[in-house]
$ cat input-v2.cif   # mmCIF, C-alpha atoms
data_entry
#
loop_
_atom_site.label_atom_id
_atom_site.label_comp_id
_atom_site.auth_asym_id
_atom_site.auth_seq_id
_atom_site.Cartn_x
_atom_site.Cartn_y
_atom_site.Cartn_z
CA MET F 1 -11.45 -38.77 -38.78
CA SER F 2 -14.98 -39.96 -39.55
CA GLY F 3 -17.61 -40.35 -42.24
CA TYR F 4 -20.00 -37.82 -40.69
CA LYS F 5 -21.30 -35.00 -42.86
CA GLU F 6 -19.74 -31.59 -42.19
CA THR F 7 -22.52 -29.40 -43.60
CA PHE F 8 -26.31 -29.52 -43.56
CA GLU F 9 -29.02 -27.32 -45.05
CA ARG F 10 -32.52 -28.52 -44.30
CA LYS F 11 -35.85 -27.90 -42.65
CA GLU F 12 -36.26 -29.36 -39.16
CA VAL F 13 -39.77 -29.73 -37.76
CA LYS F 14 -40.26 -30.80 -34.14
CA TYR F 15 -43.10 -32.71 -32.49
CA LEU F 16 -43.78 -33.80 -28.90
CA LEU F 17 -45.21 -37.31 -28.69
CA GLY F 18 -46.80 -39.33 -25.92
CA TRP F 19 -45.71 -42.96 -25.67
CA LYS F 20 -48.84 -44.35 -27.37
CA GLN F 21 -48.47 -41.85 -30.21
CA TYR F 22 -44.82 -42.86 -30.58
CA GLU F 23 -45.63 -46.58 -30.78
CA ALA F 24 -48.43 -46.00 -33.29
CA LEU F 25 -46.24 -43.72 -35.40
CA ARG F 26 -43.37 -46.21 -35.50
CA ARG F 27 -45.75 -48.87 -36.79
CA ARG F 28 -47.24 -46.59 -39.43
CA LEU F 29 -43.86 -45.30 -40.60
CA SER F 30 -42.21 -48.72 -40.90
CA PRO F 31 -42.85 -49.01 -44.69
CA TYR F 32 -41.12 -45.68 -45.25
CA VAL F 33 -38.21 -45.44 -42.78
CA GLU F 34 -35.70 -47.68 -41.03
CA GLU F 35 -32.96 -47.16 -38.45
CA ASP F 36 -29.94 -45.58 -40.09
CA ALA F 37 -26.30 -46.66 -39.77
CA TYR F 38 -26.01 -45.03 -36.33
CA GLY F 39 -29.27 -46.39 -34.94
CA LYS F 40 -29.49 -45.87 -31.19
CA THR F 41 -26.99 -43.46 -29.66
CA GLN F 42 -26.47 -41.37 -26.56
CA ILE F 43 -25.91 -37.73 -27.50
CA LEU F 44 -24.09 -35.34 -25.20
CA ASN F 45 -23.76 -31.61 -25.86
CA ILE F 46 -22.15 -28.61 -24.24
CA TYR F 47 -23.82 -25.38 -25.38
CA PHE F 48 -21.69 -22.24 -25.34
CA ASP F 49 -22.92 -18.73 -24.62
CA THR F 50 -21.77 -15.30 -23.50
CA PRO F 51 -21.70 -14.36 -19.79
CA ASP F 52 -24.91 -12.36 -20.29
CA PHE F 53 -26.57 -15.23 -22.22
CA ARG F 54 -26.90 -13.27 -25.41
CA LEU F 55 -27.49 -16.32 -27.60
CA VAL F 56 -30.20 -18.05 -25.58
CA ARG F 57 -31.92 -14.74 -24.83
CA ARG F 58 -32.07 -14.07 -28.55
CA SER F 59 -33.62 -17.50 -29.14
CA LEU F 60 -36.32 -16.67 -26.61
CA GLU F 61 -37.27 -13.65 -28.73
CA LYS F 62 -37.94 -15.99 -31.71
CA PRO F 63 -36.08 -13.90 -34.29
CA ALA F 64 -35.95 -14.65 -38.02
CA TYR F 65 -32.23 -15.44 -37.63
CA LYS F 66 -30.43 -17.10 -34.72
CA GLU F 67 -27.30 -19.13 -34.17
CA LYS F 68 -25.65 -21.30 -31.56
CA LEU F 69 -22.37 -23.07 -30.87
CA ARG F 70 -22.08 -26.48 -29.27
CA LEU F 71 -19.69 -29.34 -28.63
CA ARG F 72 -21.16 -32.79 -29.28
CA THR F 73 -20.20 -36.42 -28.77
CA TYR F 74 -22.20 -39.55 -29.53
CA LYS F 75 -21.25 -41.39 -26.35
CA ILE F 76 -19.62 -40.59 -23.02
CA PRO F 77 -16.19 -39.61 -24.31
CA ASP F 78 -12.64 -40.51 -23.49
CA ASP F 79 -10.02 -37.89 -24.30
CA ASP F 80 -9.54 -39.50 -27.73
CA THR F 81 -13.23 -39.93 -28.62
CA THR F 82 -14.35 -38.14 -31.78
CA ALA F 83 -16.12 -34.90 -30.91
CA PHE F 84 -17.82 -32.30 -33.09
CA VAL F 85 -17.68 -28.53 -32.81
CA GLU F 86 -20.82 -27.22 -34.50
CA ILE F 87 -22.25 -23.89 -35.52
CA LYS F 88 -25.99 -24.15 -36.07
CA LYS F 89 -27.82 -21.29 -37.74
CA LYS F 90 -31.51 -20.93 -38.47
CA TYR F 91 -33.00 -18.41 -40.86
CA ARG F 92 -36.72 -18.31 -41.69
CA GLY F 93 -37.22 -21.95 -40.81
CA ILE F 94 -34.18 -23.34 -42.66
CA VAL F 95 -31.37 -24.85 -40.56
CA TYR F 96 -27.75 -24.51 -41.64
CA LYS F 97 -25.27 -26.61 -39.70
CA ARG F 98 -21.51 -26.66 -40.15
CA ARG F 99 -19.15 -28.70 -38.05
CA ILE F 100 -15.61 -29.97 -37.70
CA ASP F 101 -14.41 -33.05 -35.86
CA MET F 102 -11.45 -33.61 -33.55
CA THR F 103 -10.83 -35.48 -30.31
CA TYR F 104 -12.77 -34.48 -27.21
CA ARG F 105 -9.62 -33.21 -25.49
CA GLN F 106 -8.65 -31.17 -28.56
CA ALA F 107 -12.16 -29.69 -28.67
CA ILE F 108 -11.97 -28.62 -25.01
CA ASP F 109 -8.55 -27.06 -25.58
CA TYR F 110 -9.83 -25.27 -28.69
CA LEU F 111 -13.06 -23.90 -27.23
CA CYS F 112 -12.08 -23.36 -23.61
CA HIS F 113 -8.32 -22.72 -23.59
CA GLY F 114 -7.66 -20.79 -26.78
CA ILE F 115 -5.59 -23.45 -28.56
CA GLU F 116 -5.95 -23.53 -32.35
CA ALA F 117 -8.05 -26.19 -34.03
CA PRO F 118 -5.87 -29.17 -35.06
CA GLN F 119 -6.81 -28.70 -38.73
CA ARG F 120 -7.58 -25.43 -40.48
CA SER F 121 -10.53 -25.16 -42.87
CA GLN F 122 -13.22 -22.73 -43.98
CA ILE F 123 -15.48 -24.11 -41.26
CA SER F 124 -12.84 -23.70 -38.55
CA ASP F 125 -12.35 -20.11 -39.74
CA GLU F 126 -16.11 -19.53 -39.33
CA ILE F 127 -15.98 -20.95 -35.80
CA ASP F 128 -12.99 -18.75 -34.99
CA TYR F 129 -14.95 -15.71 -36.17
CA PHE F 130 -17.93 -16.77 -34.05
CA LEU F 131 -15.68 -17.06 -30.98
CA THR F 132 -14.24 -13.62 -31.65
CA PHE F 133 -17.54 -11.92 -32.46
CA TYR F 134 -19.28 -13.22 -29.32
CA ARG F 135 -16.65 -12.21 -26.83
CA GLN F 136 -15.98 -14.28 -23.73
CA ILE F 137 -17.82 -17.33 -25.01
CA VAL F 138 -17.93 -19.92 -22.23
CA PRO F 139 -19.54 -23.34 -21.65
CA ALA F 140 -23.11 -22.72 -20.52
CA MET F 141 -25.08 -25.95 -20.16
CA LYS F 142 -24.85 -29.68 -20.75
CA ILE F 143 -27.73 -31.38 -22.58
CA ARG F 144 -27.85 -35.16 -22.96
CA TYR F 145 -30.41 -37.60 -24.34
CA GLU F 146 -30.94 -40.94 -26.03
CA ARG F 147 -31.69 -40.92 -29.75
CA ILE F 148 -33.03 -43.32 -32.32
CA ALA F 149 -32.14 -42.07 -35.81
CA MET F 150 -34.05 -43.21 -38.89
CA ALA F 151 -33.68 -42.64 -42.61
CA GLY F 152 -36.04 -43.05 -45.57
CA ARG F 153 -36.09 -46.47 -47.21
CA PHE F 154 -36.60 -44.90 -50.63
CA ASP F 155 -35.86 -41.23 -49.91
CA PRO F 156 -32.27 -40.82 -48.63
CA GLU F 157 -32.93 -37.16 -47.78
CA LEU F 158 -35.67 -38.04 -45.27
CA ARG F 159 -34.47 -38.32 -41.68
CA ILE F 160 -36.48 -38.74 -38.50
CA THR F 161 -35.05 -38.78 -34.99
CA PHE F 162 -36.71 -39.72 -31.69
CA ASP F 163 -35.15 -38.30 -28.52
CA ARG F 164 -36.04 -39.39 -25.00
CA ASN F 165 -34.65 -39.01 -21.48
CA LEU F 166 -33.67 -35.40 -22.20
CA GLN F 167 -31.67 -33.88 -19.33
CA TRP F 168 -29.93 -30.59 -18.59
CA SER F 169 -27.06 -30.15 -16.17
CA MET F 170 -24.60 -27.53 -14.99
CA ASN F 171 -21.93 -30.23 -14.72
CA LEU F 172 -20.09 -29.23 -17.87
CA ASP F 173 -17.83 -32.25 -18.26
CA LEU F 174 -19.15 -34.71 -20.84
CA GLN F 175 -16.95 -37.41 -19.30
CA ASP F 176 -18.91 -37.23 -16.04
CA THR F 177 -21.82 -39.71 -15.91
CA GLU F 178 -23.85 -37.84 -13.27
CA GLU F 179 -27.55 -37.70 -14.12
CA GLY F 180 -29.06 -34.33 -14.99
CA VAL F 181 -32.49 -32.75 -14.55
CA PRO F 182 -35.28 -34.13 -16.79
CA ILE F 183 -36.53 -31.71 -19.44
CA LEU F 184 -39.62 -33.71 -20.46
CA ASP F 185 -42.11 -35.91 -18.68
CA GLY F 186 -41.05 -39.54 -18.59
CA ASN F 187 -43.51 -40.65 -21.27
CA GLN F 188 -42.73 -37.81 -23.71
CA ILE F 189 -40.55 -38.15 -26.77
CA LEU F 190 -39.23 -35.37 -28.97
CA MET F 191 -39.39 -36.16 -32.67
CA GLU F 192 -37.57 -34.17 -35.32
CA LEU F 193 -38.45 -34.49 -38.98
CA LYS F 194 -35.53 -33.38 -41.15
CA VAL F 195 -36.23 -32.78 -44.84
CA GLN F 196 -34.71 -30.89 -47.75
CA GLY F 197 -38.04 -29.65 -49.08
CA ALA F 198 -41.69 -30.36 -48.35
CA ILE F 199 -42.77 -33.23 -46.12
CA LYS F 200 -43.85 -36.20 -48.23
CA PRO F 201 -47.66 -36.50 -48.51
CA ALA F 202 -47.70 -40.07 -47.13
CA VAL F 203 -45.80 -38.98 -44.00
CA ALA F 204 -47.91 -35.82 -43.59
CA ASP F 205 -51.11 -37.90 -43.80
CA ILE F 206 -49.89 -40.25 -41.05
CA LEU F 207 -49.04 -37.33 -38.77
CA ASN F 208 -52.48 -35.79 -39.31
CA GLU F 209 -54.29 -39.07 -38.68
CA LEU F 210 -52.43 -39.53 -35.38
CA ALA F 211 -53.02 -35.88 -34.33
CA ILE F 212 -49.28 -35.16 -34.23
CA TYR F 213 -48.65 -31.46 -34.80
CA PRO F 214 -45.50 -29.27 -34.93
CA VAL F 215 -44.25 -27.51 -31.81
CA SER F 216 -41.63 -24.86 -31.13
CA PHE F 217 -38.98 -26.50 -28.98
CA SER F 218 -35.29 -25.93 -28.18
CA LYS F 219 -33.48 -28.22 -25.74
CA TYR F 220 -31.06 -25.50 -24.65
CA VAL F 221 -33.79 -22.86 -24.29
CA ARG F 222 -35.96 -25.24 -22.26
CA GLY F 223 -33.03 -26.15 -20.01
CA PHE F 224 -32.15 -22.49 -19.52
CA GLU F 225 -35.74 -21.63 -18.60
CA MET F 226 -35.87 -24.45 -16.06
CA TYR F 227 -32.55 -23.47 -14.53
CA SER F 228 -33.56 -19.81 -14.29
CA ARG F 229 -36.79 -20.74 -12.50
CA GLN F 230 -34.88 -23.02 -10.17
CA LYS F 231 -32.40 -20.28 -9.25
CA LYS F 232 -35.16 -17.62 -9.30
CA LYS F 233 -32.70 -15.39 -11.11
CA ILE F 234 -30.61 -15.19 -14.25
CA PRO F 235 -27.28 -16.94 -13.53
CA ALA F 236 -24.39 -14.65 -12.66
CA GLU F 237 -21.53 -13.83 -15.01
CA GLY F 238 -18.78 -16.42 -14.81
CA GLU F 239 -21.02 -19.08 -13.22
CA PHE F 240 -20.62 -21.40 -16.19
CA LYS F 241 -16.82 -21.53 -16.40
CA TYR F 242 -15.43 -24.90 -17.51
CA ALA F 243 -13.30 -26.49 -14.79
#
$ encode --input "input-v2.cif" --output "structure tokens"
Amino acid sequence: MSGYKETFERKEVKYLLGWKQYEALRRRLSPYVEEDAYGKTQILNIYFDTPDFRLVRRSLEKPAYKEKLRLRTYKIPDDDTTAFVEIKKKYRGIVYKRRIDMTYRQAIDYLCHGIEAPQRSQISDEIDYFLTFYRQIVPAMKIRYERIAMAGRFDPELRITFDRNLQWSMNLDLQDTEEGVPILDGNQILMELKVQGAIKPAVADILNELAIYPVSFSKYVRGFEMYSRQKKKIPAEGEFKYA
């Protein structure tokens, strides 16, 4: 259905930038990276969890191993828009991502209504096992943001993304354009550096010179924390059912 990669194994390092840092970094990185084939996109996700929030609670404990399931599109979808069902696992700092693609409507039927995936594969079998192992998996939170994706000019394995206007919402329909709740301050940008091995010395030197340092950050965890504070309680079982 698409030319997107189905599997990833890489290190992902996150950084929070102010606007001036972002502008300076883009200038300094220009000899090394350029916008990739996808360039600027709007990313929309539905994160799935158990009624007692087992997955996000585990992330809050910062374990050596954690995993999550999400549904993703790269624009506000129609029923026939390509969507991705992704399992993302992290073990000792290495991220393993596996995903399958189908239409948005097929993805909703698969994840929310128990209909089989339109095509069987090893990855779909892994997702089926995930859905069975974590019983009563339901849609939990919508996360959306705007992304600029960049790739290395000379190193095809180097990828850098810049995310802004991060929002969380309990409106769990990706086709709905209602604005969510901001996760970051308006002048903050989340950068992710995605590499197969060590960060290249030239890039590391630029980050050090601009006082840009790694942070621990999860969009879903941050949204969950904000929602819990807003409600002054942990959400009740069944509150996140997909309509």
$ residues_around --input "input-v2.cif" --residues "region 160-171 of chain F" --least-positions-apart "2" --cutoff "9 Å" --atoms "only C-alpha atoms" --output "ChimeraX atom specification"
/F:22,33,140-152,158,173-174,176,178-195,219-220,222-224,226-227,240,242
$ closest_residue --input "input-v2.cif" --among "F:Arg135, F:Arg10, F:Lys75, F:Lys231" --to "Arg159 (chain F)" --atoms "only C-alpha atoms"
F:Arg10
$ closest_residue --input "input-v2.cif" --among "F:Ile137, F:Gln175, F:Leu111, F:Arg27" --to "Tyr74 (chain F)" --atoms "all atoms listed in the file"
F:Gln175
$ closest_residue --input "input-v2.cif" --among "F:Tyr96, F:Phe217, F:Tyr38, F:Phe84" --to "Ser124 (chain F)" --atoms "only C-alpha atoms"
F:Phe84
$ closest_residue --input "input-v2.cif" --among "F:Arg54, F:Lys11, F:Arg92, F:Arg105" --to "Thr73 (chain F)" --atoms "all atoms listed in the file"
F:Arg105
$ atom_distance --input "input-v2.cif" --atom1 "CA of Phe130 (chain F)" --atom2 "CA of Gln106 (chain F)"
18.0 Å
$ residues_around --input "input-v2.cif" --residues "Ala117 (chain F)" --least-positions-apart "4" --cutoff "12 Å" --atoms "only C-alpha atoms" --output "list of chain:residue names"
F:Phe84, F:Val85, F:Ile100, F:Asp101, F:Met102, F:Thr103, F:Tyr104, F:Arg105, F:Gln106, F:Ala107, F:Ile108, F:Asp109, F:Tyr110, F:Leu111, F:Cys112, F:His113, F:Ser121, F:Gln122, F:Ile123, F:Ser124, F:Asp125, F:Glu126, F:Ile127, F:Asp128
$ closest_residue --input "input-v2.cif" --among "F:Pro156, F:Leu172, F:Leu131, F:Ala211" --to "Tyr32 (chain F)" --atoms "only C-alpha atoms"
F:Pro156
$ resolve_selection --input "input-v2.cif" --expression "the PyMOL selection byres ((chain F and resi 29) around 10)" --output "number ranges by chain"
F: 24-28, 30-34, 152, 202-203, 206-207
$ closest_residue --input "input-v2.cif" --among "F:Val95, F:Arg72, F:Tyr134, F:Glu225" --to "Gly197 (chain F)" --atoms "all atoms listed in the file"
F:Val95
$ axis_aligned_box --input "input-v2.cif" --around "region 155-173 of chain F" --padding-each-side "5 Å" --output "AutoDock Vina command-line options"
--center_x -27.3 --center_y -34.4 --center_z -32.3 --size_x 28.9 --size_y 23.7 --size_z 45.2
$ atom_distance --input "input-v2.cif" --atom1 "CA of Lys200 (chain F)" --atom2 "CA of Asp36 (chain F)"
18.6 Å
$ atom_distance --input "input-v2.cif" --atom1 "CA of Leu55 (chain F)" --atom2 "CA of Tyr213 (chain F)"
27.0 Å
$ resolve_selection --input "input-v2.cif" --expression "the PyMOL selection byres ((chain F and resi 88) around 6)" --output "short mmCIF file (atom, residue, chain, number, x, y, z; two decimals) with C-alpha atoms, in the frame of the given file"
data_model
loop_
_atom_site.label_atom_id
_atom_site.label_comp_id
_atom_site.auth_asym_id
_atom_site.auth_seq_id
_atom_site.Cartn_x
_atom_site.Cartn_y
_atom_site.Cartn_z
CA GLU F 67 -27.30 -19.13 -34.17
CA LYS F 68 -25.65 -21.30 -31.56
CA ILE F 87 -22.25 -23.89 -35.52
CA LYS F 89 -27.82 -21.29 -37.74
CA TYR F 96 -27.75 -24.51 -41.64
CA LYS F 97 -25.27 -26.61 -39.70
#
$ resolve_selection --input "input-v2.cif" --expression "the PyMOL selection byres ((chain F and resi 65) around 6)" --output "list in words"
Pro63, Ala64, Lys66, Lys90 and Tyr91 of chain F
$ decode --input "input-v2.cif" --residues "region 49-167 of chain F" --atoms "C-alpha atoms" --output "tab-separated table (two decimals), in the first residue's frame"
chain	number	residue	atom	x	y	z
F	49	ASP	CA	-4.01	0.96	26.77
F	50	THR	CA	-5.75	-1.30	29.26
F	51	PRO	CA	-8.63	0.00	31.42
F	52	ASP	CA	-6.23	0.25	34.37
F	53	PHE	CA	-3.56	2.01	32.25
F	54	ARG	CA	-1.03	-0.75	32.65
F	55	LEU	CA	1.14	0.39	29.74
F	56	VAL	CA	1.47	4.08	30.60
F	57	ARG	CA	1.90	3.30	34.30
F	58	ARG	CA	4.76	1.01	33.41
F	59	SER	CA	6.37	3.76	31.33
F	60	LEU	CA	6.21	6.07	34.34
F	61	GLU	CA	8.30	3.54	36.29
F	62	LYS	CA	11.09	3.86	33.66
F	63	PRO	CA	11.71	0.12	33.29
F	64	ALA	CA	14.46	-1.42	31.16
F	65	TYR	CA	11.76	-2.79	28.83
F	66	LYS	CA	8.47	-1.20	27.81
F	67	GLU	CA	6.08	-1.36	24.89
F	68	LYS	CA	3.13	0.49	23.42
F	69	LEU	CA	0.53	0.16	20.69
F	70	ARG	CA	-0.72	3.02	18.57
F	71	LEU	CA	-2.64	3.86	15.43
F	72	ARG	CA	-1.04	6.56	13.27
F	73	THR	CA	-1.89	8.63	10.21
F	74	TYR	CA	0.13	11.36	8.53
F	75	LYS	CA	-2.80	13.68	7.91
F	76	ILE	CA	-6.42	14.00	9.01
F	77	PRO	CA	-7.74	10.78	7.51
F	78	ASP	CA	-10.65	9.81	5.36
F	79	ASP	CA	-11.88	6.24	5.71
F	80	ASP	CA	-9.54	5.20	2.86
F	81	THR	CA	-6.43	7.07	4.05
F	82	THR	CA	-3.39	4.89	4.73
F	83	ALA	CA	-3.03	4.26	8.46
F	84	PHE	CA	-0.38	2.39	10.44
F	85	VAL	CA	-0.85	0.03	13.36
F	86	GLU	CA	2.42	0.06	15.28
F	87	ILE	CA	3.99	-1.82	18.15
F	88	LYS	CA	6.87	0.15	19.62
F	89	LYS	CA	9.21	-1.55	22.08
F	90	LYS	CA	12.16	-0.10	23.93
F	91	TYR	CA	14.83	-2.15	25.66
F	92	ARG	CA	17.89	-0.58	27.29
F	93	GLY	CA	17.72	2.51	25.11
F	94	ILE	CA	17.17	0.73	21.77
F	95	VAL	CA	13.82	1.24	20.03
F	96	TYR	CA	12.23	-1.57	18.02
F	97	LYS	CA	9.24	-0.58	15.93
F	98	ARG	CA	7.11	-2.89	13.81
F	99	ARG	CA	4.06	-1.79	11.89
F	100	ILE	CA	1.53	-2.76	9.27
F	101	ASP	CA	-0.51	-0.49	7.03
F	102	MET	CA	-4.17	-0.57	6.02
F	103	THR	CA	-6.93	1.99	5.57
F	104	TYR	CA	-8.03	4.06	8.55
F	105	ARG	CA	-11.45	2.38	8.61
F	106	GLN	CA	-9.87	-1.09	8.46
F	107	ALA	CA	-7.55	-0.13	11.33
F	108	ILE	CA	-10.47	1.00	13.50
F	109	ASP	CA	-12.36	-2.22	12.73
F	110	TYR	CA	-9.25	-4.28	13.52
F	111	LEU	CA	-8.29	-2.59	16.78
F	112	CYS	CA	-11.68	-1.59	18.13
F	113	HIS	CA	-14.20	-4.08	16.73
F	114	GLY	CA	-12.32	-7.37	16.61
F	115	ILE	CA	-12.22	-7.75	12.81
F	116	GLU	CA	-9.13	-9.49	11.43
F	117	ALA	CA	-6.37	-7.49	9.78
F	118	PRO	CA	-6.90	-7.33	5.99
F	119	GLN	CA	-3.53	-9.03	5.37
F	120	ARG	CA	-1.85	-11.62	7.56
F	121	SER	CA	1.87	-11.41	8.31
F	122	GLN	CA	4.37	-12.05	11.09
F	123	ILE	CA	3.87	-8.47	12.26
F	124	SER	CA	0.07	-8.79	12.32
F	125	ASP	CA	0.49	-11.99	14.34
F	126	GLU	CA	2.63	-10.05	16.86
F	127	ILE	CA	-0.05	-7.36	17.11
F	128	ASP	CA	-2.73	-10.02	17.60
F	129	TYR	CA	-0.68	-11.50	20.45
F	130	PHE	CA	-0.27	-8.04	21.99
F	131	LEU	CA	-4.05	-7.49	21.85
F	132	THR	CA	-4.64	-10.87	23.48
F	133	PHE	CA	-1.94	-10.54	26.13
F	134	TYR	CA	-3.09	-7.08	27.27
F	135	ARG	CA	-6.75	-7.89	27.70
F	136	GLN	CA	-9.43	-5.31	27.01
F	137	ILE	CA	-7.12	-3.00	25.10
F	138	VAL	CA	-9.03	0.19	24.28
F	139	PRO	CA	-8.26	3.59	22.72
F	140	ALA	CA	-6.79	5.78	25.45
F	141	MET	CA	-5.62	9.15	24.12
F	142	LYS	CA	-5.16	11.10	20.91
F	143	ILE	CA	-1.82	12.84	20.35
F	144	ARG	CA	-1.29	15.14	17.36
F	145	TYR	CA	1.54	17.41	16.25
F	146	GLU	CA	3.30	18.97	13.29
F	147	ARG	CA	6.59	17.42	12.20
F	148	ILE	CA	9.52	18.36	10.02
F	149	ALA	CA	11.51	15.23	9.13
F	150	MET	CA	15.12	15.41	8.01
F	151	ALA	CA	17.66	12.88	6.78
F	152	GLY	CA	21.45	12.91	6.48
F	153	ARG	CA	22.87	14.28	3.24
F	154	PHE	CA	25.71	11.76	3.34
F	155	ASP	CA	24.52	9.36	6.05
F	156	PRO	CA	21.18	7.76	5.06
F	157	GLU	CA	20.81	6.23	8.53
F	158	LEU	CA	20.76	9.64	10.25
F	159	ARG	CA	17.29	11.04	10.85
F	160	ILE	CA	16.23	14.10	12.81
F	161	THR	CA	12.65	15.17	13.46
F	162	PHE	CA	11.30	18.43	14.89
F	163	ASP	CA	7.83	18.31	16.45
F	164	ARG	CA	5.81	21.36	17.46
F	165	ASN	CA	2.23	22.19	18.45
F	166	LEU	CA	1.97	18.94	20.43
F	167	GLN	CA	-1.57	18.35	21.72
